[in-house]
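Reproduced below: input-v1.txt, with compact mmCIF, C-alpha atoms.
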```
# COMPACT_ATOMS: atom_id res chain seq x y z
CA MET A 1 -75.43 -169.43 3.77
CA ALA A 2 -71.89 -170.71 4.06
CA ALA A 3 -71.51 -173.91 6.04
CA GLY A 4 -70.07 -173.52 9.50
CA ARG A 5 -71.18 -169.92 10.01
CA ARG A 6 -72.89 -169.12 13.27
CA GLN A 7 -74.81 -166.17 14.51
CA LEU A 8 -72.92 -164.06 17.04
CA GLU A 9 -74.11 -163.00 20.46
CA TYR A 10 -74.61 -159.27 20.97
CA GLU A 11 -71.46 -159.17 23.13
CA GLU A 12 -69.48 -160.63 20.23
CA LEU A 13 -70.97 -158.18 17.74
CA ALA A 14 -69.99 -155.30 20.02
CA GLN A 15 -66.39 -156.52 19.85
CA LEU A 16 -66.36 -155.64 16.14
CA SER A 17 -66.45 -151.96 17.08
CA PRO A 18 -62.71 -151.39 16.37
CA GLY A 19 -63.78 -151.54 12.70
CA ILE A 20 -66.11 -148.56 13.21
CA VAL A 21 -64.68 -145.07 13.69
CA MET A 22 -65.82 -141.62 14.75
CA ILE A 23 -65.17 -138.91 12.16
CA SER A 24 -64.64 -135.28 13.16
CA VAL A 25 -64.99 -132.89 10.21
CA PHE A 26 -62.85 -129.72 10.25
CA ASP A 27 -63.04 -126.53 8.23
CA LYS A 28 -60.07 -124.60 6.81
CA THR A 29 -59.58 -122.75 10.12
CA GLY A 30 -59.19 -126.03 12.06
CA LYS A 31 -62.63 -125.83 13.67
CA CYS A 32 -64.60 -129.06 14.05
CA PHE A 33 -68.09 -128.29 12.78
CA LYS A 34 -69.69 -131.74 12.74
CA THR A 35 -69.08 -135.37 13.62
CA GLY A 36 -70.23 -138.66 12.20
CA SER A 37 -69.27 -142.29 11.95
CA GLY A 38 -67.47 -144.50 9.44
CA VAL A 39 -66.81 -148.16 8.70
CA VAL A 40 -63.41 -149.60 7.83
CA ILE A 41 -63.82 -151.60 4.59
CA SER A 42 -60.18 -152.38 3.80
CA GLU A 43 -57.02 -153.11 5.77
CA LYS A 44 -55.38 -150.43 3.58
CA GLY A 45 -57.13 -147.65 5.47
CA TYR A 46 -60.26 -147.05 3.38
CA ILE A 47 -63.22 -145.86 5.46
CA LEU A 48 -66.78 -145.75 4.18
CA THR A 49 -69.13 -143.06 5.44
CA ASN A 50 -71.97 -140.84 4.24
CA PHE A 51 -71.41 -138.06 1.75
CA HIS A 52 -73.34 -135.72 4.04
CA VAL A 53 -70.79 -136.47 6.78
CA ALA A 54 -67.71 -135.95 4.61
CA CYS A 55 -68.88 -133.04 2.46
CA GLU A 56 -67.54 -129.54 3.08
CA GLY A 57 -64.64 -130.87 5.16
CA ALA A 58 -61.15 -129.45 4.66
CA TYR A 59 -59.78 -132.42 6.60
CA TYR A 60 -60.93 -135.16 8.96
CA GLY A 61 -59.98 -136.57 12.35
CA ILE A 62 -60.50 -140.34 12.48
CA ARG A 63 -60.77 -141.83 15.96
CA PHE A 64 -60.38 -145.54 16.63
CA GLU A 65 -61.54 -147.35 19.74
CA GLU A 66 -58.91 -147.65 22.48
CA GLU A 67 -56.66 -145.06 20.80
CA ASP A 68 -56.34 -141.56 22.23
CA ARG A 69 -54.82 -139.87 19.18
CA PRO A 70 -57.04 -139.35 16.13
CA TYR A 71 -55.58 -139.82 12.66
CA GLU A 72 -55.82 -136.74 10.45
CA THR A 73 -56.40 -136.96 6.72
CA ASP A 74 -57.61 -134.78 3.87
CA GLU A 75 -58.03 -137.72 1.48
CA LEU A 76 -61.61 -137.86 0.26
CA ILE A 77 -61.09 -140.63 -2.29
CA LYS A 78 -64.54 -141.08 -3.80
CA TYR A 79 -68.08 -139.92 -3.23
CA ASN A 80 -71.59 -140.17 -4.63
CA GLN A 81 -73.94 -137.51 -3.35
CA PHE A 82 -77.02 -139.23 -4.79
CA HIS A 83 -76.42 -142.45 -2.83
CA ASP A 84 -74.98 -140.43 0.10
CA LEU A 85 -71.74 -142.44 0.23
CA ALA A 86 -68.10 -141.40 0.50
CA ILE A 87 -64.71 -143.03 1.08
CA ILE A 88 -61.94 -141.45 3.15
CA ARG A 89 -58.41 -142.88 3.38
CA ILE A 90 -55.91 -142.79 6.23
CA GLU A 91 -52.31 -143.98 6.47
CA ARG A 92 -52.87 -146.93 8.78
CA ARG A 93 -53.34 -150.68 8.64
CA CYS A 94 -56.88 -151.46 9.73
CA THR A 95 -59.17 -154.35 10.61
CA PRO A 96 -62.10 -154.15 8.17
CA ILE A 97 -65.75 -155.09 8.58
CA SER A 98 -66.90 -157.58 5.94
CA VAL A 99 -69.61 -156.36 3.59
CA TYR A 100 -72.47 -158.80 3.17
CA ARG A 101 -72.42 -160.62 -0.17
CA GLY A 102 -76.14 -161.30 -0.35
CA GLU A 103 -76.12 -165.08 0.01
CA LYS A 104 -79.71 -164.78 1.19
CA GLU A 105 -82.11 -161.87 0.73
CA LEU A 106 -82.67 -159.70 3.78
CA VAL A 107 -86.19 -159.91 5.18
CA ARG A 108 -88.48 -157.85 7.38
CA GLY A 109 -88.21 -158.88 11.02
CA GLN A 110 -84.54 -159.86 10.67
CA LYS A 111 -82.44 -158.81 13.67
CA VAL A 112 -79.75 -156.17 13.15
CA VAL A 113 -77.26 -154.24 15.26
CA ALA A 114 -76.26 -150.60 14.75
CA ILE A 115 -72.84 -149.28 15.81
CA GLY A 116 -71.96 -145.60 15.52
CA SER A 117 -71.28 -142.47 17.54
CA PRO A 118 -74.65 -140.81 18.21
CA LEU A 119 -74.24 -137.30 19.64
CA GLY A 120 -70.51 -138.02 19.86
CA LEU A 121 -70.99 -141.00 22.20
CA PHE A 122 -68.26 -143.11 20.64
CA ASN A 123 -69.19 -146.55 19.27
CA SER A 124 -72.57 -146.98 20.89
CA VAL A 125 -74.27 -150.31 20.16
CA SER A 126 -78.03 -150.77 19.73
CA ASP A 127 -80.21 -153.55 18.39
CA GLY A 128 -83.44 -153.80 16.45
CA ILE A 129 -85.02 -155.39 13.42
CA ILE A 130 -85.39 -154.64 9.72
CA SER A 131 -88.83 -153.08 9.44
CA GLY A 132 -88.98 -152.47 5.70
CA PHE A 133 -87.25 -151.72 2.41
CA ARG A 134 -87.64 -148.34 0.73
CA MET A 135 -86.58 -146.60 -2.46
CA ILE A 136 -85.74 -143.02 -1.53
CA ASP A 137 -84.52 -140.71 -4.29
CA GLU A 138 -83.67 -143.80 -6.38
CA THR A 139 -81.47 -145.25 -3.61
CA SER A 140 -82.31 -148.62 -2.07
CA MET A 141 -82.65 -148.22 1.69
CA ILE A 142 -83.15 -150.55 4.64
CA GLN A 143 -85.62 -149.26 7.23
CA PHE A 144 -84.70 -150.47 10.71
CA THR A 145 -85.65 -149.95 14.36
CA ALA A 146 -82.28 -149.94 16.18
CA PRO A 147 -82.12 -146.51 17.89
CA ILE A 148 -79.77 -143.92 16.36
CA SER A 149 -79.20 -140.18 16.73
CA HIS A 150 -77.28 -137.40 15.00
CA GLY A 151 -73.66 -138.58 14.71
CA SER A 152 -74.68 -142.16 13.90
CA SER A 153 -74.60 -141.32 10.18
CA GLY A 154 -71.96 -143.36 8.38
CA GLY A 155 -72.02 -146.08 11.03
CA ALA A 156 -72.54 -149.80 10.57
CA LEU A 157 -75.78 -151.74 10.33
CA LEU A 158 -74.74 -155.36 10.91
CA ASN A 159 -76.48 -158.69 10.59
CA LEU A 160 -76.00 -161.27 13.34
CA TYR A 161 -73.01 -162.72 11.49
CA GLY A 162 -71.16 -159.43 11.94
CA GLU A 163 -71.43 -158.45 8.28
CA LEU A 164 -72.24 -154.96 7.04
CA VAL A 165 -75.72 -154.93 5.52
CA GLY A 166 -76.06 -151.15 5.41
CA ILE A 167 -74.50 -147.76 6.09
CA ILE A 168 -76.61 -145.82 8.58
CA THR A 169 -77.83 -142.69 6.84
CA ALA A 170 -80.85 -141.02 8.43
CA GLY A 171 -83.54 -141.08 11.05
CA PHE A 172 -86.90 -139.36 11.20
CA ASP A 173 -86.94 -137.04 14.21
CA ASP A 174 -90.75 -136.95 14.14
CA GLY A 175 -91.04 -140.75 14.42
CA GLN A 176 -89.98 -143.44 16.85
CA ASN A 177 -87.02 -145.49 15.60
CA ILE A 178 -87.82 -145.00 11.92
CA ASN A 179 -84.29 -145.13 10.59
CA LEU A 180 -82.64 -145.74 7.22
CA ALA A 181 -79.43 -147.28 5.92
CA VAL A 182 -78.04 -147.46 2.38
CA ASP A 183 -78.21 -151.17 1.56
CA TYR A 184 -75.25 -153.50 1.01
CA LYS A 185 -75.92 -153.86 -2.74
CA THR A 186 -75.45 -150.14 -3.27
CA VAL A 187 -72.43 -150.18 -0.94
CA ARG A 188 -70.80 -153.07 -2.83
CA SER A 189 -71.38 -151.35 -6.18
CA PHE A 190 -69.98 -148.03 -4.93
CA ALA A 191 -66.97 -149.47 -3.08
CA SER A 192 -66.18 -152.48 -5.29
CA GLY A 193 -62.61 -151.39 -6.02
CA PHE A 194 -61.78 -150.91 -2.34
CA LEU A 195 -63.14 -154.04 -0.66
```
structure tokens encoding of this file:
Amino acid sequence: MAAGRRQLEYEELAQLSPGIVMISVFDKTGKCFKTGSGVVISEKGYILTNFHVACEGAYYGIRFEEEDRPYETDELIKYNQFHDLAIIRIERRCTPISVYRGEKELVRGQKVVAIGSPLGLFNSVSDGIISGFRMIDETSMIQFTAPISHGSSGGALLNLYGELVGIITAGFDDGQNINLAVDYKTVRSFASGFL
């Protein structure tokens, strides 16, 4: 771990939410047919989300905290359906969330915070722990307990230093807080040219 770093309080982690957006996905007729979340990974307007959020969209409405007007874009820059990741770009200078570099391996029991827009409730914050590590369809996933719901997909799973350790991807409706995020190693590999 880098010298001088300190773990943030939950209130401080919640203040990182301007780097997490809500994504409305529109069809060719202008109808919004689903919503999800995304994480700003570059000040140049690159936003990381899930492929299952971005797919089938004709264009996207990107909503930032404390801004009434969403930004519209049709720029789906890159995607990988097997790792369920996608990058959307908007014309705007942004404040990015740092992606964890892996200075120390993540461990079970480690505290994490999830920020996303479950059921359209913009930038909701929840906390939990890493409960396991799974390989699902050849993608490395973090299993975690922070509560999420539909609409959280594409949101941020943060460590207590405010770094992105995973992109929230799925939850099991039949279980209690059995949730998954694509891990930071896969994210860094996929988004290396945009960080």
Any idea what's packed within 7 Å of region 102-112 of chain A, counting only C-alpha atoms, ignoring anything in its chain fewer than 3 positions away? Could you give it as a PDB file with C-alpha atoms, keeping the file's coordinate frame?
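Saved result, out_24.pdb, follows:
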```
ATOM      1  CA  MET A   1     -75.430-169.430   3.770  1.00  0.00           C
ATOM      2  CA  ASP A 127     -80.210-153.550  18.390  1.00  0.00           C
ATOM      3  CA  GLY A 128     -83.440-153.800  16.450  1.00  0.00           C
ATOM      4  CA  ILE A 129     -85.020-155.390  13.420  1.00  0.00           C
ATOM      5  CA  ILE A 130     -85.390-154.640   9.720  1.00  0.00           C
ATOM      6  CA  SER A 131     -88.830-153.080   9.440  1.00  0.00           C
ATOM      7  CA  GLY A 132     -88.980-152.470   5.700  1.00  0.00           C
ATOM      8  CA  LEU A 157     -75.780-151.740  10.330  1.00  0.00           C
ATOM      9  CA  LEU A 158     -74.740-155.360  10.910  1.00  0.00           C
ATOM     10  CA  ASN A 159     -76.480-158.690  10.590  1.00  0.00           C
ATOM     11  CA  LEU A 160     -76.000-161.270  13.340  1.00  0.00           C
TER      12      LEU A 160
END
```
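Of the listed residues (A:Asp27, A:Glu91, A:Glu9, A:Glu67), A:Glu9 comes nearest to Tyr161 (chain A); the distances count all atoms listed in the file.
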Of the residues A:Tyr100, A:Phe26, A:Phe33, A:Phe194, which is the one nearest to Thr73 (chain A), using all atoms listed in the file?
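That would be A:Phe26, the residue with the smallest distance to Thr73 (chain A).
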State, in Å with one decimal place, the distance from CA of Lys31 (chain A) to CA of Pro118 (chain A).
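Rounded to one decimal, the two atoms are 19.7 Å apart.
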Counting all atoms listed in the file, the residue of A:Ile47, A:Leu180, A:Leu76, A:Val39 that sits nearest Thr139 (chain A):
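Among the listed residues, the smallest separation from Thr139 (chain A) belongs to A:Leu180.
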Enter the distance from CA of Leu85 (chain A) to CA of Val182 (chain A), in Å, rounded to one decimal.
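Computing it gives 8.3 Å between the two atoms.
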Interatomic distance (Å, one decimal) between CA of Ser117 (chain A) and CA of Asn179 (chain A)
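About the pair CA of Ser117 (chain A) and CA of Asn179 (chain A): they are 15.0 Å apart.
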Can you pull out the residues contacting Ile41 (chain A)? Cut-off 7 Å, using all atoms listed in the file, and skip same-chain residues under 4 positions away; I want them as a list in words.
Tyr46, Ile47, Leu48, Pro96, Ile97, Ser98 and Leu195 of chain A
The residues within 9 Å of (-69.4, -155.3, 1.4), using all atoms listed in the file and the coordinates of the file, should be reported as an MDAnalysis selection string; which are they?
chainID A and resid 41 97:101 163:166 184:185 187:189 191:192 195
Counting all atoms listed in the file, which residue out of A:Gly36, A:Gln176, A:Cys55, A:Ile23 sits closest to Pro70 (chain A)?
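Closest to Pro70 (chain A) of all the choices is A:Ile23.
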Using only C-alpha atoms, the residue out of A:Val113, A:Ala58, A:Ala146, A:Ile167 with shortest distance to Lys28 (chain A) is A:Ala58
Edge lengths and centre in Å, axis-aligned, region 159-176 of chain A plus 8 Å each side, as JSON:
```
{"center_x": -81.1, "center_y": -149.8, "center_z": 11.1, "size_x": 35.9, "size_y": 41.8, "size_z": 27.4}
```
When you look at region 10-17 of chain A with a cut-off of 7 Å (counting all atoms listed in the file), what residues show up, excluding the ones that are within fewer than 4 positions of it in the same chain? I need them as a list in words.
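Once the adjacent positions are removed, what remains is Asn123, Val125 and Gly162 of chain A.
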Go through A:Phe64, A:Thr169, A:Gly45, A:Arg92 one by one, measure the shortest atom-to-atom distance of each to Ile77 (chain A) using all atoms listed in the file, and give the residue with the smallest value.
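Looking only at the distances to Ile77 (chain A), the closest residue turns out to be A:Gly45.
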Compile the contact shell of Ser140 (chain A) as an MDAnalysis selection string: residues with an atom at most 9 Å away, counting all atoms listed in the file, same-chain residues fewer than 5 positions apart removed.
chainID A and resid 83 133:135 181:183 185:186
Within 12 Å of (-67.5, -137.3, -3.3) (coordinates as in the file), grab all the protein and nucleic acid residues, counting only C-alpha atoms, and write them out as a list in words.
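Those residues, ordered by chain and then number, are Leu48, Thr49, Asn50, Phe51, His52, Val53, Ala54, Cys55, Glu56, Gly57, Glu75, Leu76, Ile77, Lys78, Tyr79, Asn80, Gln81, Phe82, His83, Asp84, Leu85, Ala86, Ile87, Ile88 and Phe190 of chain A.
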Can I get region 78-93 of chain A with N, CA, C and O atoms filled in, as a short mmCIF file (atom, residue, chain, number, x, y, z; two decimals), keeping the file's coordinate frame?
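Written output follows (rebuild08.cif):
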```cif
data_model
loop_
_atom_site.label_atom_id
_atom_site.label_comp_id
_atom_site.auth_asym_id
_atom_site.auth_seq_id
_atom_site.Cartn_x
_atom_site.Cartn_y
_atom_site.Cartn_z
N LYS A 78 -63.42 -140.87 -2.89
CA LYS A 78 -64.54 -141.08 -3.80
C LYS A 78 -65.82 -140.68 -3.09
O LYS A 78 -65.92 -140.85 -1.87
N TYR A 79 -66.79 -140.18 -3.84
CA TYR A 79 -68.08 -139.92 -3.23
C TYR A 79 -69.18 -139.98 -4.29
O TYR A 79 -68.93 -139.86 -5.49
N ASN A 80 -70.40 -140.20 -3.80
CA ASN A 80 -71.59 -140.17 -4.63
C ASN A 80 -72.68 -139.50 -3.82
O ASN A 80 -73.20 -140.09 -2.87
N GLN A 81 -72.99 -138.27 -4.16
CA GLN A 81 -73.94 -137.51 -3.35
C GLN A 81 -75.35 -138.05 -3.48
O GLN A 81 -76.17 -137.89 -2.57
N PHE A 82 -75.67 -138.72 -4.60
CA PHE A 82 -77.02 -139.23 -4.79
C PHE A 82 -77.29 -140.46 -3.92
O PHE A 82 -78.40 -140.65 -3.42
N HIS A 83 -76.28 -141.30 -3.72
CA HIS A 83 -76.42 -142.45 -2.83
C HIS A 83 -75.93 -142.13 -1.41
O HIS A 83 -75.98 -142.99 -0.54
N ASP A 84 -75.45 -140.90 -1.21
CA ASP A 84 -74.98 -140.43 0.10
C ASP A 84 -73.87 -141.32 0.66
O ASP A 84 -73.88 -141.71 1.83
N LEU A 85 -72.88 -141.62 -0.19
CA LEU A 85 -71.74 -142.44 0.23
C LEU A 85 -70.44 -141.72 -0.10
O LEU A 85 -70.35 -140.97 -1.08
N ALA A 86 -69.43 -141.97 0.72
CA ALA A 86 -68.10 -141.40 0.50
C ALA A 86 -67.05 -142.33 1.10
O ALA A 86 -67.33 -143.11 2.01
N ILE A 87 -65.83 -142.25 0.56
CA ILE A 87 -64.71 -143.03 1.08
C ILE A 87 -63.57 -142.08 1.43
O ILE A 87 -63.16 -141.24 0.60
N ILE A 88 -63.09 -142.20 2.64
CA ILE A 88 -61.94 -141.45 3.15
C ILE A 88 -60.80 -142.44 3.36
O ILE A 88 -61.03 -143.60 3.71
N ARG A 89 -59.55 -141.99 3.16
CA ARG A 89 -58.41 -142.88 3.38
C ARG A 89 -57.46 -142.30 4.42
O ARG A 89 -57.22 -141.09 4.45
N ILE A 90 -56.94 -143.18 5.28
CA ILE A 90 -55.91 -142.79 6.23
C ILE A 90 -54.69 -143.69 6.05
O ILE A 90 -54.79 -144.78 5.50
N GLU A 91 -53.55 -143.20 6.51
CA GLU A 91 -52.31 -143.98 6.47
C GLU A 91 -52.24 -144.86 7.71
O GLU A 91 -51.67 -144.49 8.73
N ARG A 92 -52.85 -146.03 7.63
CA ARG A 92 -52.87 -146.93 8.78
C ARG A 92 -53.37 -148.29 8.33
O ARG A 92 -54.28 -148.38 7.50
N ARG A 93 -52.80 -149.34 8.86
CA ARG A 93 -53.34 -150.68 8.64
C ARG A 93 -54.55 -150.85 9.55
O ARG A 93 -54.52 -150.49 10.72
#
```
